[in-house]
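A.B. asks: Next up, coords04.cif (mmCIF, C-alpha atoms and all ligand atoms).
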```
data_input
loop_
_atom_site.label_atom_id
_atom_site.label_comp_id
_atom_site.auth_asym_id
_atom_site.auth_seq_id
_atom_site.Cartn_x
_atom_site.Cartn_y
_atom_site.Cartn_z
CA MET A 1 18.70 -12.09 5.58
CA PRO A 2 16.21 -9.58 4.13
CA LEU A 3 15.63 -6.58 6.37
CA ILE A 4 12.08 -5.32 6.78
CA ALA A 5 11.65 -1.82 8.17
CA VAL A 6 8.47 -1.74 10.24
CA LEU A 7 6.99 1.75 10.60
CA PRO A 8 3.73 1.35 12.55
CA GLY A 9 2.90 5.06 12.82
CA ASP A 10 -0.19 6.40 14.55
CA GLY A 11 -3.72 5.45 15.58
CA ILE A 12 -4.67 2.03 14.24
CA GLY A 13 -1.35 1.86 12.36
CA PRO A 14 0.41 -0.09 15.15
CA GLU A 15 -2.68 -2.27 15.73
CA VAL A 16 -2.93 -3.52 12.15
CA THR A 17 0.83 -3.66 11.56
CA THR A 18 1.24 -5.99 14.53
CA GLN A 19 -1.05 -8.49 12.80
CA ALA A 20 0.76 -8.15 9.47
CA ARG A 21 4.07 -8.78 11.19
CA ARG A 22 2.68 -11.83 13.02
CA VAL A 23 1.67 -13.28 9.66
CA LEU A 24 5.10 -12.63 8.13
CA GLU A 25 6.81 -14.16 11.15
CA ALA A 26 4.57 -17.23 11.02
CA LEU A 27 5.81 -17.96 7.50
CA ASP A 28 9.29 -18.45 8.94
CA LEU A 29 11.09 -16.89 5.98
CA GLY A 30 14.11 -15.77 7.97
CA LEU A 31 13.18 -12.11 7.74
CA GLN A 32 14.80 -9.58 10.03
CA PHE A 33 12.55 -6.81 11.38
CA GLU A 34 13.54 -3.40 12.64
CA GLU A 35 10.97 -0.94 13.93
CA ALA A 36 11.09 2.89 13.97
CA PRO A 37 8.68 5.73 14.82
CA VAL A 38 7.04 7.75 12.07
CA GLY A 39 4.32 10.40 11.80
CA GLY A 40 2.92 11.70 15.08
CA ALA A 41 4.95 8.99 16.82
CA GLY A 42 8.08 10.32 15.10
CA TYR A 43 7.27 13.85 16.20
CA LEU A 44 6.83 12.71 19.81
CA ALA A 45 10.01 10.63 19.77
CA ALA A 46 12.34 12.94 17.87
CA GLY A 47 10.60 16.27 17.28
CA ARG A 48 9.91 15.59 13.61
CA PRO A 49 7.53 13.30 11.78
CA LEU A 50 10.26 11.63 9.74
CA PRO A 51 13.27 11.27 12.07
CA PRO A 52 16.55 10.85 10.13
CA ASP A 53 17.09 7.41 11.69
CA THR A 54 13.69 6.30 10.44
CA LEU A 55 14.40 7.50 6.91
CA ALA A 56 17.84 5.87 6.98
CA LEU A 57 16.27 2.58 8.07
CA ALA A 58 13.67 2.80 5.27
CA LYS A 59 16.45 3.39 2.73
CA ARG A 60 18.62 0.59 4.00
CA ALA A 61 15.83 -2.00 4.29
CA ASN A 62 14.83 -4.40 1.53
CA ALA A 63 11.24 -3.30 2.07
CA VAL A 64 9.16 -1.07 4.32
CA LEU A 65 6.02 -2.28 6.07
CA PHE A 66 4.10 0.91 6.87
CA GLY A 67 1.05 1.22 9.11
CA ALA A 68 -0.69 4.57 8.94
CA ILE A 69 0.01 8.10 10.10
CA GLY A 70 -2.19 10.97 11.24
CA ASP A 71 -3.09 12.37 14.61
CA PRO A 72 -5.59 15.17 15.26
CA ARG A 73 -3.30 16.51 18.02
CA PHE A 74 -0.81 17.63 15.40
CA GLU A 75 -3.15 19.15 12.83
CA ALA A 76 -2.32 22.71 13.86
CA LEU A 77 1.43 22.31 13.41
CA ASP A 78 3.32 23.72 10.44
CA ARG A 79 2.78 21.45 7.46
CA HIS A 80 6.34 20.10 7.51
CA LEU A 81 5.86 18.95 11.11
CA ARG A 82 2.55 17.21 10.58
CA PRO A 83 2.42 13.39 10.46
CA GLU A 84 1.47 13.39 6.76
CA ALA A 85 4.80 15.05 5.91
CA ALA A 86 6.54 11.81 6.91
CA LEU A 87 4.59 9.69 4.45
CA LEU A 88 5.08 12.16 1.60
CA GLY A 89 8.74 12.45 2.59
CA ILE A 90 9.41 8.70 2.42
CA ARG A 91 7.58 8.37 -0.90
CA ARG A 92 9.61 11.22 -2.31
CA GLU A 93 12.98 10.25 -0.77
CA LEU A 94 12.68 6.63 -1.90
CA GLY A 95 11.37 7.65 -5.33
CA LEU A 96 8.26 5.50 -4.93
CA PHE A 97 6.36 6.88 -7.91
CA ALA A 98 4.15 3.85 -8.59
CA ASN A 99 1.39 3.03 -6.14
CA ILE A 100 -0.41 -0.21 -6.90
CA ARG A 101 -3.82 -0.47 -5.22
CA PRO A 102 -5.62 -3.73 -6.02
CA ALA A 103 -9.34 -3.76 -5.23
CA SER A 104 -10.73 -7.29 -5.21
CA LEU A 105 -13.83 -8.60 -3.57
CA PHE A 106 -13.16 -11.75 -1.58
CA PRO A 107 -15.94 -14.30 -2.17
CA GLY A 108 -18.46 -14.05 0.64
CA LEU A 109 -17.94 -10.33 1.21
CA GLU A 110 -20.65 -9.32 -1.30
CA ASP A 111 -22.93 -8.41 1.59
CA ALA A 112 -20.28 -6.18 3.21
CA SER A 113 -20.39 -3.63 0.39
CA PRO A 114 -23.16 -1.05 0.44
CA LEU A 115 -23.52 -1.71 -3.30
CA LYS A 116 -25.73 -4.54 -4.54
CA PRO A 117 -24.04 -7.97 -4.43
CA GLU A 118 -24.49 -8.44 -8.18
CA VAL A 119 -22.71 -5.13 -8.83
CA VAL A 120 -19.59 -6.03 -6.85
CA ALA A 121 -19.43 -9.82 -7.31
CA ASN A 122 -16.10 -10.95 -8.80
CA LEU A 123 -14.61 -7.47 -8.57
CA ASP A 124 -10.93 -7.59 -9.49
CA ILE A 125 -9.44 -4.26 -10.50
CA VAL A 126 -6.13 -2.51 -9.93
CA ILE A 127 -5.65 1.20 -9.53
CA VAL A 128 -2.19 2.37 -10.53
CA ARG A 129 -1.75 5.71 -8.83
CA GLU A 130 1.14 8.07 -9.55
CA LEU A 131 2.64 8.89 -6.15
CA THR A 132 5.39 11.49 -6.30
CA GLY A 133 3.97 14.25 -8.47
CA ASP A 134 0.80 16.20 -9.18
CA VAL A 135 -0.72 18.82 -6.92
CA TYR A 136 0.83 17.00 -3.93
CA PHE A 137 4.36 18.04 -4.80
CA GLY A 138 3.94 21.22 -6.84
CA GLU A 139 4.64 24.66 -5.44
CA LYS A 140 2.22 25.50 -2.65
CA GLY A 141 1.69 28.41 -0.35
CA ARG A 142 -0.35 31.36 0.80
CA ARG A 143 -0.43 34.87 -0.52
CA THR A 144 -2.57 37.95 -0.44
CA ASN A 145 -4.27 38.69 -3.73
CA VAL A 146 -4.78 42.11 -5.33
CA GLU A 147 -8.04 42.59 -3.43
CA GLY A 148 -6.23 41.93 -0.16
CA LEU A 149 -7.85 38.53 0.25
CA ARG A 150 -5.93 35.56 1.66
CA GLN A 151 -5.28 33.03 -1.04
CA GLY A 152 -3.95 29.48 -0.99
CA PHE A 153 -2.40 27.71 -3.96
CA ASP A 154 -1.11 24.25 -4.85
CA VAL A 155 0.32 23.88 -8.31
CA MET A 156 -0.70 20.81 -10.30
CA THR A 157 2.11 19.68 -12.54
CA TYR A 158 3.40 16.63 -14.42
CA ASN A 159 6.21 16.41 -16.92
CA GLU A 160 6.19 13.87 -19.73
CA ALA A 161 8.79 11.62 -18.13
CA GLU A 162 6.69 11.34 -14.98
CA VAL A 163 3.61 10.43 -17.00
CA GLU A 164 5.51 7.98 -19.16
CA ARG A 165 6.96 5.93 -16.31
CA ILE A 166 3.63 5.55 -14.50
CA ALA A 167 1.76 4.84 -17.74
CA LYS A 168 4.30 2.11 -18.43
CA VAL A 169 3.42 0.50 -15.10
CA GLY A 170 -0.23 0.69 -16.10
CA PHE A 171 0.34 -0.87 -19.53
CA GLU A 172 2.59 -3.61 -18.12
CA MET A 173 0.06 -4.39 -15.40
CA ALA A 174 -2.75 -4.61 -17.97
CA LYS A 175 -0.57 -6.87 -20.14
CA ARG A 176 -0.42 -9.40 -17.30
CA ARG A 177 -4.17 -9.18 -16.65
CA LYS A 178 -7.24 -8.68 -18.84
CA LYS A 179 -5.44 -6.30 -21.19
CA LYS A 180 -7.70 -3.36 -20.50
CA LEU A 181 -6.25 -0.04 -19.39
CA CYS A 182 -8.38 2.95 -18.48
CA SER A 183 -6.47 6.21 -18.07
CA VAL A 184 -8.36 8.62 -15.84
CA ASP A 185 -7.84 12.37 -16.10
CA LYS A 186 -9.62 15.69 -16.41
CA ALA A 187 -8.32 16.63 -19.84
CA ASN A 188 -11.47 18.57 -20.68
CA VAL A 189 -10.36 21.23 -18.18
CA LEU A 190 -6.78 20.70 -17.03
CA GLU A 191 -3.69 21.20 -19.18
CA THR A 192 -1.76 18.80 -16.91
CA SER A 193 -4.34 16.17 -17.85
CA GLN A 194 -4.13 16.95 -21.58
CA LEU A 195 -0.38 16.33 -21.47
CA TRP A 196 -1.08 13.12 -19.51
CA ARG A 197 -3.55 11.96 -22.17
CA ASP A 198 -1.22 12.88 -25.07
CA VAL A 199 1.67 10.92 -23.54
CA VAL A 200 -0.50 7.87 -22.75
CA ASN A 201 -1.82 7.90 -26.33
CA GLU A 202 1.71 8.13 -27.76
CA MET A 203 2.77 5.12 -25.68
CA SER A 204 -0.20 3.02 -26.73
CA THR A 205 1.45 2.24 -30.08
CA ASP A 206 3.99 0.16 -28.11
CA TYR A 207 1.12 -1.84 -26.61
CA PRO A 208 -1.15 -2.81 -29.51
CA GLU A 209 -2.53 -5.74 -27.49
CA ILE A 210 -3.88 -3.43 -24.77
CA GLU A 211 -7.34 -1.94 -25.12
CA LEU A 212 -6.77 1.65 -23.98
CA THR A 213 -9.61 3.95 -23.00
CA HIS A 214 -9.63 7.42 -21.45
CA MET A 215 -12.17 8.59 -18.93
CA TYR A 216 -12.75 11.86 -17.13
CA VAL A 217 -12.39 11.48 -13.41
CA ASP A 218 -15.95 12.55 -12.62
CA ASN A 219 -17.32 9.89 -14.93
CA ALA A 220 -14.86 7.36 -13.49
CA ALA A 221 -16.21 8.05 -9.98
CA MET A 222 -19.70 7.36 -11.29
CA GLN A 223 -18.74 4.23 -13.27
CA LEU A 224 -16.98 2.79 -10.21
CA VAL A 225 -20.35 2.69 -8.50
CA ARG A 226 -22.43 1.83 -11.56
CA ARG A 227 -20.37 -1.08 -12.89
CA PRO A 228 -16.99 -1.42 -11.15
CA THR A 229 -16.33 -4.83 -12.71
CA ALA A 230 -16.11 -3.22 -16.16
CA PHE A 231 -12.63 -1.95 -15.20
CA ASP A 232 -9.42 -3.92 -15.30
CA VAL A 233 -6.50 -1.55 -14.69
CA ILE A 234 -6.96 2.15 -13.99
CA VAL A 235 -3.95 4.45 -14.29
CA THR A 236 -4.26 7.95 -12.91
CA GLY A 237 -2.56 10.84 -11.15
CA ASN A 238 -1.79 11.23 -7.48
CA LEU A 239 -4.90 13.13 -6.35
CA PHE A 240 -7.46 11.33 -8.51
CA GLY A 241 -5.94 7.98 -7.54
CA ASP A 242 -6.14 8.83 -3.85
CA ILE A 243 -9.84 9.60 -4.09
CA LEU A 244 -10.85 6.81 -6.47
CA SER A 245 -9.08 4.14 -4.43
CA ASP A 246 -10.97 5.02 -1.25
CA GLN A 247 -14.14 4.83 -3.31
CA ALA A 248 -13.13 1.50 -4.87
CA SER A 249 -12.48 0.09 -1.41
CA MET A 250 -16.21 0.14 -0.70
CA CYS A 251 -16.79 -2.02 -3.79
CA ALA A 252 -14.50 -4.53 -2.05
CA GLY A 253 -16.46 -4.34 1.18
CA SER A 254 -14.43 -1.97 3.34
CA ILE A 255 -11.51 0.39 3.33
CA GLY A 256 -10.01 -2.09 5.78
CA MET A 257 -9.53 -4.55 2.89
CA LEU A 258 -7.32 -2.61 0.45
CA PRO A 259 -3.54 -3.03 0.51
CA SER A 260 -1.01 -1.13 -1.54
CA ALA A 261 2.51 -1.38 -2.88
CA SER A 262 4.59 1.71 -3.57
CA LEU A 263 7.39 0.99 -6.00
CA ARG A 264 10.10 2.77 -7.91
CA ALA A 265 10.19 0.32 -10.76
CA TRP A 266 7.92 -2.27 -12.25
CA SER A 267 9.22 -4.67 -9.63
CA GLY A 268 12.12 -4.48 -7.30
CA ASP A 269 13.55 -4.04 -3.88
CA ASN A 270 13.01 -1.26 -1.40
CA GLY A 271 9.29 -0.84 -1.95
CA MET A 272 6.90 0.34 0.71
CA TYR A 273 3.74 -1.55 1.61
CA GLU A 274 0.77 -0.11 3.43
CA PRO A 275 -2.98 -0.28 3.71
CA ILE A 276 -4.69 2.50 1.77
CA HIS A 277 -6.54 3.61 4.90
CA GLY A 278 -5.39 6.11 7.49
CA SER A 279 -4.90 6.11 11.24
CA ALA A 280 -8.68 6.07 11.90
CA PRO A 281 -8.66 8.18 15.06
CA ASP A 282 -12.36 7.41 15.57
CA ILE A 283 -11.65 3.74 16.33
CA ALA A 284 -7.97 3.86 17.40
CA GLY A 285 -7.14 2.06 20.63
CA GLN A 286 -10.34 0.04 20.62
CA GLY A 287 -9.02 -3.11 18.94
CA LYS A 288 -11.70 -2.80 16.27
CA ALA A 289 -9.64 -2.12 13.16
CA ASN A 290 -9.65 -4.59 10.29
CA PRO A 291 -6.07 -5.82 9.83
CA CYS A 292 -6.71 -7.43 6.42
CA ALA A 293 -5.44 -4.47 4.40
CA ALA A 294 -2.19 -4.53 6.39
CA ILE A 295 -1.89 -8.32 6.13
CA LEU A 296 -2.52 -8.19 2.38
CA SER A 297 0.11 -5.45 2.14
CA ALA A 298 2.57 -7.90 3.67
CA ALA A 299 1.65 -10.30 0.86
CA LEU A 300 2.41 -7.58 -1.70
CA LEU A 301 5.75 -7.03 0.05
CA LEU A 302 6.69 -10.66 -0.47
CA ARG A 303 5.53 -10.56 -4.09
CA HIS A 304 7.15 -7.33 -5.21
CA SER A 305 10.19 -6.80 -3.00
CA LEU A 306 11.20 -10.37 -2.16
CA SER A 307 10.00 -12.12 -5.34
CA ASP A 308 8.30 -14.74 -3.18
CA GLU A 309 5.07 -15.29 -5.10
CA ALA A 310 4.31 -18.57 -3.33
CA SER A 311 4.33 -16.99 0.14
CA ALA A 312 2.34 -13.99 -1.11
CA GLN A 313 -0.35 -16.33 -2.36
CA ARG A 314 -0.30 -18.32 0.88
CA ILE A 315 -1.19 -15.14 2.77
CA GLU A 316 -3.87 -14.12 0.29
CA LYS A 317 -5.41 -17.59 0.40
CA ALA A 318 -5.35 -17.59 4.21
CA VAL A 319 -7.18 -14.25 4.31
CA GLY A 320 -9.72 -15.59 1.80
CA ALA A 321 -10.21 -18.79 3.78
CA ALA A 322 -10.70 -16.92 7.07
CA LEU A 323 -13.28 -14.65 5.44
CA ALA A 324 -15.00 -17.62 3.79
CA LYS A 325 -15.45 -19.14 7.25
CA GLY A 326 -17.16 -15.95 8.40
CA ALA A 327 -14.32 -14.15 10.18
CA ARG A 328 -15.39 -10.48 10.20
CA THR A 329 -14.33 -7.33 11.97
CA ALA A 330 -16.94 -4.64 12.66
CA ASP A 331 -16.41 -2.80 9.36
CA LEU A 332 -17.41 -6.05 7.60
CA GLY A 333 -20.47 -6.50 9.78
CA GLY A 334 -18.85 -8.86 12.29
CA SER A 335 -17.59 -8.61 15.84
CA LEU A 336 -14.02 -9.92 15.79
CA SER A 337 -11.30 -7.78 17.30
CA THR A 338 -8.18 -6.85 15.34
CA THR A 339 -6.20 -9.58 17.08
CA GLU A 340 -8.93 -12.19 16.63
CA MET A 341 -9.02 -11.44 12.91
CA GLY A 342 -5.23 -11.88 12.85
CA ASP A 343 -5.68 -15.18 14.73
CA ALA A 344 -8.22 -16.35 12.15
CA VAL A 345 -5.78 -15.68 9.31
CA LEU A 346 -2.93 -17.38 11.19
CA ARG A 347 -5.08 -20.49 11.73
CA GLU A 348 -5.61 -20.77 7.98
CA LEU A 349 -1.91 -20.29 7.36
CA ALA A 350 -0.99 -23.17 9.64
P1 LIG B 1 -9.11 6.98 7.64
O1 LIG B 1 -8.82 6.05 6.52
O2 LIG B 1 -8.16 6.98 8.76
O3 LIG B 1 -10.57 6.62 8.22
C1 LIG B 1 -11.76 6.79 7.46
C2 LIG B 1 -12.87 5.93 8.05
O4 LIG B 1 -12.58 4.55 7.76
C3 LIG B 1 -12.98 6.04 9.57
O5 LIG B 1 -14.32 5.95 9.94
C4 LIG B 1 -12.22 4.81 10.05
O6 LIG B 1 -12.65 4.32 11.29
C5 LIG B 1 -12.49 3.80 8.94
N1 LIG B 1 -11.36 2.86 8.80
C6 LIG B 1 -10.14 3.13 8.26
N2 LIG B 1 -9.36 2.06 8.33
C7 LIG B 1 -10.08 1.08 8.90
C8 LIG B 1 -9.80 -0.29 9.24
N3 LIG B 1 -8.61 -0.86 9.00
N4 LIG B 1 -10.78 -1.01 9.84
C9 LIG B 1 -11.97 -0.46 10.09
N5 LIG B 1 -12.31 0.82 9.80
C10 LIG B 1 -11.35 1.58 9.21
O7 LIG B 1 -9.27 8.44 7.01
P2 LIG B 1 -9.50 9.85 7.73
O8 LIG B 1 -10.39 9.68 8.90
O9 LIG B 1 -9.87 10.78 6.67
O10 LIG B 1 -8.05 10.28 8.23
C11 LIG B 1 -7.56 10.06 9.54
C12 LIG B 1 -6.08 10.39 9.58
O11 LIG B 1 -5.36 9.45 8.81
C13 LIG B 1 -5.72 11.75 9.01
O12 LIG B 1 -4.72 12.30 9.81
C14 LIG B 1 -5.21 11.46 7.63
O13 LIG B 1 -4.30 12.41 7.16
C15 LIG B 1 -4.53 10.14 7.86
N6 LIG B 1 -4.41 9.27 6.69
C16 LIG B 1 -3.26 8.56 6.59
C17 LIG B 1 -3.11 7.64 5.57
C18 LIG B 1 -1.86 6.84 5.51
O14 LIG B 1 -1.15 6.75 6.48
N7 LIG B 1 -1.55 6.23 4.40
C19 LIG B 1 -4.15 7.43 4.67
C20 LIG B 1 -5.32 8.18 4.81
C21 LIG B 1 -5.45 9.10 5.83
C1 LIG B 2 -3.07 7.82 1.31
C2 LIG B 2 -3.27 9.03 2.19
C3 LIG B 2 -2.17 10.05 1.96
C4 LIG B 2 -2.28 10.55 0.54
C5 LIG B 2 -2.12 11.24 2.94
C6 LIG B 2 -2.19 10.81 4.37
C7 LIG B 2 -0.89 12.06 2.71
O1 LIG B 2 -4.53 9.57 2.00
O2 LIG B 2 -2.00 7.20 1.39
O3 LIG B 2 -3.98 7.46 0.56
O4 LIG B 2 -3.07 11.46 0.26
O5 LIG B 2 -1.57 10.03 -0.31
MN MN B 3 -5.83 8.31 0.79
#
```
What does the file become when written as structure tokens?
C.D. replies:
Amino acid sequence: MPLIAVLPGDGIGPEVTTQARRVLEALDLGLQFEEAPVGGAGYLAAGRPLPPDTLALAKRANAVLFGAIGDPRFEALDRHLRPEAALLGIRRELGLFANIRPASLFPGLEDASPLKPEVVANLDIVIVRELTGDVYFGEKGRRTNVEGLRQGFDVMTYNEAEVERIAKVGFEMAKRRKKKLCSVDKANVLETSQLWRDVVNEMSTDYPEIELTHMYVDNAAMQLVRRPTAFDVIVTGNLFGDILSDQASMCAGSIGMLPSASLRAWSGDNGMYEPIHGSAPDIAGQGKANPCAAILSAALLLRHSLSDEASAQRIEKAVGAALAKGARTADLGGSLSTTEMGDAVLRELA
């Protein structure tokens, strides 16, 4: 019986994860669920954001269903005690270097995006974000400079093996789609990016069928608003991917719509699945959060960790059908509560 570790986390994390779990349970796949605290909840329960029992559960499970972490009450703590440390810790400990963030516009949601309907119609792109390197995991700290000024630093670094394995995910993803890969970097300024670009170019000879382009991240941010549908697969580093995926979410109507899969191989067990959004302290506890990103993350879990494509598609179709009938949370311009939106998806699943 596959074991799913459920880590709801903070803020709206538990609210949206509850709906994702309801959907998984409704499919009656014989999954076993085990829940554990993480983030601010982990700190409150065990004095640290990633309690050892929680990490052990995540390692032992076939897949992790993650909510969101982050709590303003803990922002003043040492970095290693803050909720975010738990998320970075799991990604690192499980070796989840490949973060797949699909951004698709469900038909009928054209009006939910602040962009013109004709700009976002038929959007179907995937951002492949590197997740265990870059400025996130380089040396960081504080020091006093020669002028006696306080200085902060975070080292941006990638080695060629790290670039190669994420680029491979990008190429393989493009191969299964429209065969267009756009590698996003800042090679005009950053040496890390020049290495990234060199490695991606070297690999392209193994993928003659893929149309590879390179784009600077500032231009990519602009093109995502100008003509997002021109992209197919974007592959990029940890920081750029973080920023561009939040931006891409608004092409899909709301940040409450974007799921993600964090993997350590092209496909395989032990992945982690979470919405791209955070704990949304501004709406937490109000039952307003859109659970679609979490529900769609559960679909990715079935697809990538349990090789159950049919059930993944059932969930995706049910979300599409609920939206097509006008089910909308506030972020999409509607008035359904988190639970009511979950109900609407469950009705379509039945
Ligand atoms: P956020 O994603 O939590 O919220 C940004 C905005 O989007 C807010 O206005 C919020 O209300 C809205 N929003 C987010 N998810 C929504 C949903 N499902 N439905 C409707 N509206 C939604 O980003 P933030 O405010 O910058 O960060 C808040 C906290 O979350 C911070 O502590 C941050 O570190 C953390 N965070 C965690 C994750 C994660 O767990 N993966 C991701 C991003 C941010
Ligand atoms: C995300 C979040 C995280 C990140 C934070 C909370 C560490 O923004 O998952 O997108 O930057 O990766
Ligand atoms: Mn983010």
A.B. asks: So, with only C-alpha atoms and all ligand atoms as the atoms that count, which of A:Phe231, A:Phe74, A:Tyr136, A:Tyr207 lies closest to ligand MN 3 (chain B)?
C.D. replies: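 Nearest candidate to ligand MN 3 (chain B) out of A:Phe231, A:Phe74, A:Tyr136, A:Tyr207: A:Tyr136.
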A.B. asks: Could you state the separation of CA of Gly241 in chain A and CA of Arg101 in chain A in Å, given to one decimal place?
C.D. replies: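 Distance between the two atoms: 9.0 Å.
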A.B. asks: Would you kindly return, as a VMD selection string, each protein, DNA or RNA residue with an atom no farther than 9 Å from any atom of Phe33 in chain A, considering only C-alpha atoms and excluding same-chain residues fewer than 4 positions away?
C.D. replies: chain A and resid 2 to 6 21
A.B. asks: Counting all atoms listed in the file, which residues in chain A sit no more than 9 Å from ligand LIG 1 (chain B)? For each one, give the nearest pair of atoms and the distance in Å, sorted by chain then residue number, as a Markdown table.
C.D. replies:
```
| residue | atom | partner | partner_atom | distance |
| --- | --- | --- | --- | --- |
| A:Gly9 | CA | B:LIG1 | O14 | 7.7 |
| A:Asp10 | CA | B:LIG1 | O14 | 8.1 |
| A:Gly11 | CA | B:LIG1 | O11 | 8.0 |
| A:Ile12 | CA | B:LIG1 | N3 | 7.2 |
| A:Gly13 | CA | B:LIG1 | O14 | 7.7 |
| A:Val16 | CA | B:LIG1 | N3 | 7.0 |
| A:Gly39 | CA | B:LIG1 | O14 | 8.5 |
| A:Phe66 | CA | B:LIG1 | O14 | 7.9 |
| A:Gly67 | CA | B:LIG1 | O14 | 6.5 |
| A:Ala68 | CA | B:LIG1 | O14 | 3.3 |
| A:Ile69 | CA | B:LIG1 | O14 | 4.0 |
| A:Gly70 | CA | B:LIG1 | O12 | 3.2 |
| A:Asp71 | CA | B:LIG1 | O12 | 5.1 |
| A:Pro72 | CA | B:LIG1 | O12 | 6.2 |
| A:Phe74 | CA | B:LIG1 | O12 | 8.7 |
| A:Glu75 | CA | B:LIG1 | O12 | 7.6 |
| A:Arg82 | CA | B:LIG1 | O12 | 8.8 |
| A:Pro83 | CA | B:LIG1 | O12 | 7.3 |
| A:Glu84 | CA | B:LIG1 | O13 | 5.9 |
| A:Leu87 | CA | B:LIG1 | O14 | 6.8 |
| A:Asp242 | CA | B:LIG1 | C20 | 8.7 |
| A:Asp246 | CA | B:LIG1 | O1 | 8.1 |
| A:Ser254 | CA | B:LIG1 | C9 | 7.3 |
| A:Ile255 | CA | B:LIG1 | N2 | 5.7 |
| A:Gly256 | CA | B:LIG1 | N3 | 3.7 |
| A:Met257 | CA | B:LIG1 | N3 | 7.2 |
| A:Leu258 | CA | B:LIG1 | N3 | 8.8 |
| A:Glu274 | CA | B:LIG1 | N7 | 6.8 |
| A:Pro275 | CA | B:LIG1 | N7 | 6.7 |
| A:Ile276 | CA | B:LIG1 | N7 | 5.5 |
| A:His277 | CA | B:LIG1 | O1 | 3.7 |
| A:Gly278 | CA | B:LIG1 | O2 | 3.2 |
| A:Ser279 | CA | B:LIG1 | O11 | 4.2 |
| A:Ala280 | CA | B:LIG1 | O2 | 3.3 |
| A:Pro281 | CA | B:LIG1 | C11 | 5.9 |
| A:Asp282 | CA | B:LIG1 | O6 | 5.3 |
| A:Ile283 | CA | B:LIG1 | O6 | 5.2 |
| A:Ala284 | CA | B:LIG1 | O6 | 7.7 |
| A:Lys288 | CA | B:LIG1 | C9 | 6.6 |
| A:Ala289 | CA | B:LIG1 | N4 | 3.7 |
| A:Asn290 | CA | B:LIG1 | N4 | 3.8 |
| A:Pro291 | CA | B:LIG1 | N3 | 5.6 |
| A:Cys292 | CA | B:LIG1 | N3 | 7.3 |
| A:Ala293 | CA | B:LIG1 | N3 | 6.7 |
| A:Ala294 | CA | B:LIG1 | N3 | 7.8 |
| A:Thr329 | CA | B:LIG1 | C9 | 7.5 |
| A:Ala330 | CA | B:LIG1 | C9 | 7.0 |
| A:Asp331 | CA | B:LIG1 | C9 | 5.1 |
| A:Leu332 | CA | B:LIG1 | C9 | 8.2 |
| A:Thr338 | CA | B:LIG1 | N4 | 8.4 |
```
A.B. asks: Please compute the CA of Arg347 in chain A-CA of Asp28 in chain A distance, one decimal, in Å.
C.D. replies: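 Straight-line distance from CA of Arg347 in chain A to CA of Asp28 in chain A works out to 14.8 Å.
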A.B. asks: Give me the residues near Gly333 in chain A as a PyMOL selection string, where near means some atom within 12 Å (using only C-alpha atoms) and where sequence neighbours in that chain fewer than 3 positions away do not count.
C.D. replies: chain A and resi 109-114+253-254+288+290+323+326-330+336-337
A.B. asks: Excluding range 210-223 of chain A and its own-chain neighbours fewer than 4 positions away, which residues fall within 8 Å of it when counting all atoms listed in the file? Please give them as a list in words.
C.D. replies: Phe171, Ala174, Lys175, Lys179, Lys180, Leu181, Cys182, Ser183, Val184, Asp185, Lys186, Ala187, Asn188, Arg197, Ser204, Arg227, Pro228, Phe240, Leu244 and Gln247 of chain A
A.B. asks: Report, in Å with one decimal, the straight-line distance from CA of Ala76 in chain A to CA of Val135 in chain A.
C.D. replies: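 Those two atoms sit 21.2 Å apart.
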A.B. asks: Could you check which of A:Arg129, A:Arg314, A:Arg150, A:Lys168 is closest to ligand LIG 2 (chain B), using only C-alpha atoms and all ligand atoms?
C.D. replies: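 Of the candidates, the smallest distance to ligand LIG 2 (chain B) is held by A:Arg129.
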A.B. asks: Where's the centre, and what are the edge lengths in Å to one decimal, of a box along x, y and z enclosing all listed atoms of range 85-99 of chain A padded 5 Å per side, as AutoDock Vina command-line options?
C.D. replies:
```
--center_x 7.2 --center_y 9.0 --center_z -0.8 --size_x 21.6 --size_y 22.0 --size_z 25.5
```
A.B. asks: Which residue is closest to ligand MN 3 (chain B)? Choose from A:Leu94, A:Ser305, A:Ala121, A:Ser249 and count all atoms listed in the file.
C.D. replies: A:Ser249
A.B. asks: Need to verify the contact set: range 153-165 of chain A, 8 Å, all atoms listed in the file, exclusion of same-chain residues closer than 4 positions in sequence. Can you return it as a list of chain:residue names?
C.D. replies: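 What passes the distance filter is A:Gly133, A:Asp134, A:Val135, A:Tyr136, A:Phe137, A:Gly138, A:Glu139, A:Lys140, A:Gly141, A:Arg142, A:Val169, A:Thr192, A:Leu195, A:Trp196, A:Val199, A:Val200, A:Met203.
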A.B. asks: Which of these residues is nearest to ligand LIG 2 (chain B), using all atoms listed in the file: A:Asn201, A:Thr236, A:Asn270, A:Asn99?
C.D. replies: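 For ligand LIG 2 (chain B), the nearest of the given residues is A:Asn99.
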A.B. asks: Find the residue from A:Ser307, A:Gln313, A:Ser335, A:Asn238 that sits nearest to ligand MN 3 (chain B); use only C-alpha atoms and all ligand atoms when measuring.
C.D. replies: A:Asn238
